[in-house]
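Heads up, the thing below is written out as structure tokens.
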Amino acid sequence: MQQLLSPTISYPSPLFHLTSHPFPPKPHFCPTHRLSFYPPPKMASFSGFLAKSQMGMTAAAGDGANGFSSLMDYVGKGGLDVGDDLLVLLYHIQFACKRIAALVASPFNSALGKHSALTGATSGAAASDRDKPKPLDIVANEIILSSLRNSGKVSVMASEEDDAPIWINDDGPFVVVLDPLDGSRNIDASIPTGTIFGVYNRLPELDNQPTEEKALLNSLQSGRKLVAAGYVLYSSATILCASFGSGTHAFTLDHSTGDFILTHPSIRIPPRGQIYSVNDARYFDWPEGLRQYIDTVRQGKGKFPKKYSARYICSLVADFHRTMLYGGIAMNPRNHLRLVYEANPLSYLAEQAGGKGSDGKSSILPIQPVKLHQRLPLFLGSLEDIDELESYGDVQQKVNPGYEV
């Protein structure tokens, strides 16, 4: 393992055994933070990609007789058959997320933060101090951008950490929107974090437009046009949950082989749950409708005659993942979450699992984005719970006393 040296920070590489590299590749260098990281290998052909993805597979990870299925097997020709292009893109996304998982768990995070504070490095879209990109956000963004470039399948990447979309490749069939590391301000306390992504088809009718214009318009597609979406949860386990338009499925990283293994096929959000997830400290800032709804369900006086419990991690991916499995609602009633990077991909996953994503009034997915960093309230979870919430009318928080949006 490489050593951490000052003033240059070298990213430790515990994932070499996950990449099937016979020799270490040449590292990429992030000049903002003087940090080196390793890109995924380029795949010269789809047949080469298949051969590479199958290297190092153990019987426990990929032996159909034992009932285990890897991510690449499940979405490949023997499974969902999402198509060669999307399969190659997914390979590079999951590769990047393995890198991020190692980075999040690295003991060198504090050194990276101190180095960034000393250099005063900043990046990304304008935000309050609370939402300014953290060092790991920026490094995660660079890791994913490198992977998408190497895939050869992406024309545009739009990230929460960048002011404008990045045009990558004129021939790439896909557009990727993402939040590279949601919840990163929680890392010092070892609270779960996550990556959120959505995939659209490139709009060929825009090909003759100027680069900046076609990059932006390709990124501002409505959620109804998503062809795939997913999140990766970095917690006690690393879990990749994704949908390609035929249900929502979750895969858990097997660190012994480097494969994501199918552990939650065809997830269905219960139509009702008994958990609501929200920052209760803002109760007196909420509109009357939201306060009335929360008061009603936690007393067991709603349409579902059982008392609801509060569970709040303050990490969107973690709160949503629990809601996917147990039902209920995960919400932020403030005009705070990004439509393009967070609300659309997570609402797509919720709907594919039989749930719903709402802004408190109507479904998220039909909304046409008008700005890249457009924000809105977000309510995700069980279909019947979301419908009941919407019936209260005034549930969107309009004021934010004492803190910024």
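By convention in this document, the chains of the structure tokens carry letters A, B, ... by their order, each chain's residues are numbered from 1, and ligands are numbered from 1 in the order they are shown.
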
Shell around Leu253 of chain A at 10 Å using only C-alpha atoms, local window under 5 positions removed, as a PyMOL selection string: chain A and resi 70-71+94+98+101+237-240+258-263

Mind checking which residues fall within 8 Å of segment 209-216 of chain A, counting only C-alpha atoms, ignoring those fewer than 5 positions away in the same chain, and posting them as a PDB file with all heavy atoms, in the first residue's frame?
```
ATOM      1  N   VAL A 156     -22.211  13.469 -21.791  1.00  0.00           N
ATOM      2  CA  VAL A 156     -22.296  14.577 -20.838  1.00  0.00           C
ATOM      3  C   VAL A 156     -22.336  14.031 -19.420  1.00  0.00           C
ATOM      4  O   VAL A 156     -23.041  13.048 -19.142  1.00  0.00           O
ATOM      5  CB  VAL A 156     -23.567  15.419 -21.063  1.00  0.00           C
ATOM      6  CG1 VAL A 156     -23.590  16.626 -20.112  1.00  0.00           C
ATOM      7  CG2 VAL A 156     -23.684  15.878 -22.498  1.00  0.00           C
ATOM      8  N   ALA A 164     -21.483  23.751 -14.218  1.00  0.00           N
ATOM      9  CA  ALA A 164     -22.074  23.476 -15.527  1.00  0.00           C
ATOM     10  C   ALA A 164     -21.764  22.031 -15.919  1.00  0.00           C
ATOM     11  O   ALA A 164     -20.804  21.431 -15.428  1.00  0.00           O
ATOM     12  CB  ALA A 164     -21.523  24.436 -16.571  1.00  0.00           C
ATOM     13  N   PRO A 165     -22.561  21.452 -16.825  1.00  0.00           N
ATOM     14  CA  PRO A 165     -22.275  20.093 -17.289  1.00  0.00           C
ATOM     15  C   PRO A 165     -20.946  20.036 -18.038  1.00  0.00           C
ATOM     16  O   PRO A 165     -20.490  21.033 -18.605  1.00  0.00           O
ATOM     17  CB  PRO A 165     -23.439  19.773 -18.232  1.00  0.00           C
ATOM     18  CG  PRO A 165     -24.490  20.786 -17.938  1.00  0.00           C
ATOM     19  CD  PRO A 165     -23.774  22.003 -17.454  1.00  0.00           C
ATOM     20  N   ILE A 166     -20.336  18.863 -18.030  1.00  0.00           N
ATOM     21  CA  ILE A 166     -19.069  18.647 -18.724  1.00  0.00           C
ATOM     22  C   ILE A 166     -19.320  17.802 -19.967  1.00  0.00           C
ATOM     23  O   ILE A 166     -19.849  16.689 -19.872  1.00  0.00           O
ATOM     24  CB  ILE A 166     -18.055  17.939 -17.803  1.00  0.00           C
ATOM     25  CG1 ILE A 166     -17.745  18.819 -16.590  1.00  0.00           C
ATOM     26  CG2 ILE A 166     -16.778  17.598 -18.567  1.00  0.00           C
ATOM     27  CD1 ILE A 166     -16.899  18.118 -15.545  1.00  0.00           C
ATOM     28  N   TRP A 167     -18.966  18.344 -21.129  1.00  0.00           N
ATOM     29  CA  TRP A 167     -19.092  17.576 -22.374  1.00  0.00           C
ATOM     30  C   TRP A 167     -17.886  16.657 -22.476  1.00  0.00           C
ATOM     31  O   TRP A 167     -16.755  17.100 -22.438  1.00  0.00           O
ATOM     32  CB  TRP A 167     -19.171  18.495 -23.580  1.00  0.00           C
ATOM     33  CG  TRP A 167     -19.524  17.742 -24.824  1.00  0.00           C
ATOM     34  CD1 TRP A 167     -18.677  17.283 -25.775  1.00  0.00           C
ATOM     35  CD2 TRP A 167     -20.839  17.356 -25.232  1.00  0.00           C
ATOM     36  NE1 TRP A 167     -19.371  16.613 -26.763  1.00  0.00           N
ATOM     37  CE2 TRP A 167     -20.707  16.645 -26.458  1.00  0.00           C
ATOM     38  CE3 TRP A 167     -22.118  17.526 -24.687  1.00  0.00           C
ATOM     39  CZ2 TRP A 167     -21.800  16.124 -27.134  1.00  0.00           C
ATOM     40  CZ3 TRP A 167     -23.212  17.005 -25.370  1.00  0.00           C
ATOM     41  CH2 TRP A 167     -23.049  16.314 -26.576  1.00  0.00           C
ATOM     42  N   LEU A 372     -30.156  23.762 -13.813  1.00  0.00           N
ATOM     43  CA  LEU A 372     -29.353  22.586 -13.507  1.00  0.00           C
ATOM     44  C   LEU A 372     -29.361  22.275 -12.012  1.00  0.00           C
ATOM     45  O   LEU A 372     -29.446  21.114 -11.609  1.00  0.00           O
ATOM     46  CB  LEU A 372     -27.920  22.792 -13.995  1.00  0.00           C
ATOM     47  CG  LEU A 372     -27.040  21.548 -14.065  1.00  0.00           C
ATOM     48  CD1 LEU A 372     -27.616  20.534 -15.038  1.00  0.00           C
ATOM     49  CD2 LEU A 372     -25.627  21.931 -14.484  1.00  0.00           C
TER      50      LEU A 372
END
```

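Within segment 185-306 of chain A, the backbone-based DSSP assignment of alpha helix (DSSP H) covers Thr211, Glu212, Glu213, Lys214, Ala215, Leu216, Leu217, Asn218, Ser219, Glu288, Gly289, Leu290, Arg291, Gln292, Tyr293, Ile294, Asp295, Thr296, Val297 and Arg298 of chain A.
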
Output of the above residues as a CSV table (one decimal), in the first residue's frame, restricted to C-alpha atoms:
```csv
chain,number,residue,atom,x,y,z
A,211,THR,CA,-21.3,22.5,-26.9
A,212,GLU,CA,-22.4,24.4,-23.8
A,213,GLU,CA,-26.0,24.5,-25.0
A,214,LYS,CA,-26.4,20.9,-25.9
A,215,ALA,CA,-24.6,19.8,-22.7
A,216,LEU,CA,-27.1,21.8,-20.6
A,217,LEU,CA,-30.2,20.7,-22.5
A,218,ASN,CA,-29.2,17.1,-22.5
A,219,SER,CA,-28.9,17.3,-18.7
A,288,GLU,CA,-49.7,23.7,9.4
A,289,GLY,CA,-50.5,20.8,7.0
A,290,LEU,CA,-47.2,19.0,7.7
A,291,ARG,CA,-47.4,19.5,11.5
A,292,GLN,CA,-50.9,18.1,11.4
A,293,TYR,CA,-49.9,15.1,9.3
A,294,ILE,CA,-47.0,14.2,11.6
A,295,ASP,CA,-49.0,14.7,14.7
A,296,THR,CA,-51.8,12.5,13.3
A,297,VAL,CA,-49.6,9.5,12.2
A,298,ARG,CA,-47.4,9.4,15.3
```

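Nearest to Asp207 of chain A of all the residues A:Thr193, A:Ser347, A:Asn169, A:Ser243 is A:Asn169, counting only C-alpha atoms.
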
Backbone-only DSSP, strand (DSSP E) members of segment 321-358 of chain A, as a PyMOL selection string: chain A and resi 329-338+356-358

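Once Asn186 of chain A and its same-chain neighbours fewer than 4 positions away are set aside, A:Ser190, A:Ile191, A:Pro192, A:Thr193, A:Cys314, A:Ser315 remain within 9 Å of it when counting only C-alpha atoms.
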
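Those residues that approach segment 388-391 of chain A to within 8 Å, counting only C-alpha atoms, are Leu290, Tyr293, Lys303, Gly360, Lys361, Ser362, Glu384 and Val395 of chain A; same-chain residues fewer than 4 positions away are not listed.
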
From A:Ala229, A:Ala250, A:Leu103, A:Leu89, residue lying nearest Glu351 of chain A [only C-alpha atoms]: A:Ala229

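For the pair atom CA of Asp85 of chain A and atom CA of His264 of chain A, the separation is 24.3 Å.
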
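Distance annotation: of A:Arg282, A:Lys398, A:Arg338, A:Lys356, the residue with the minimal separation from His373 of chain A is A:Arg338; atom set is only C-alpha atoms.
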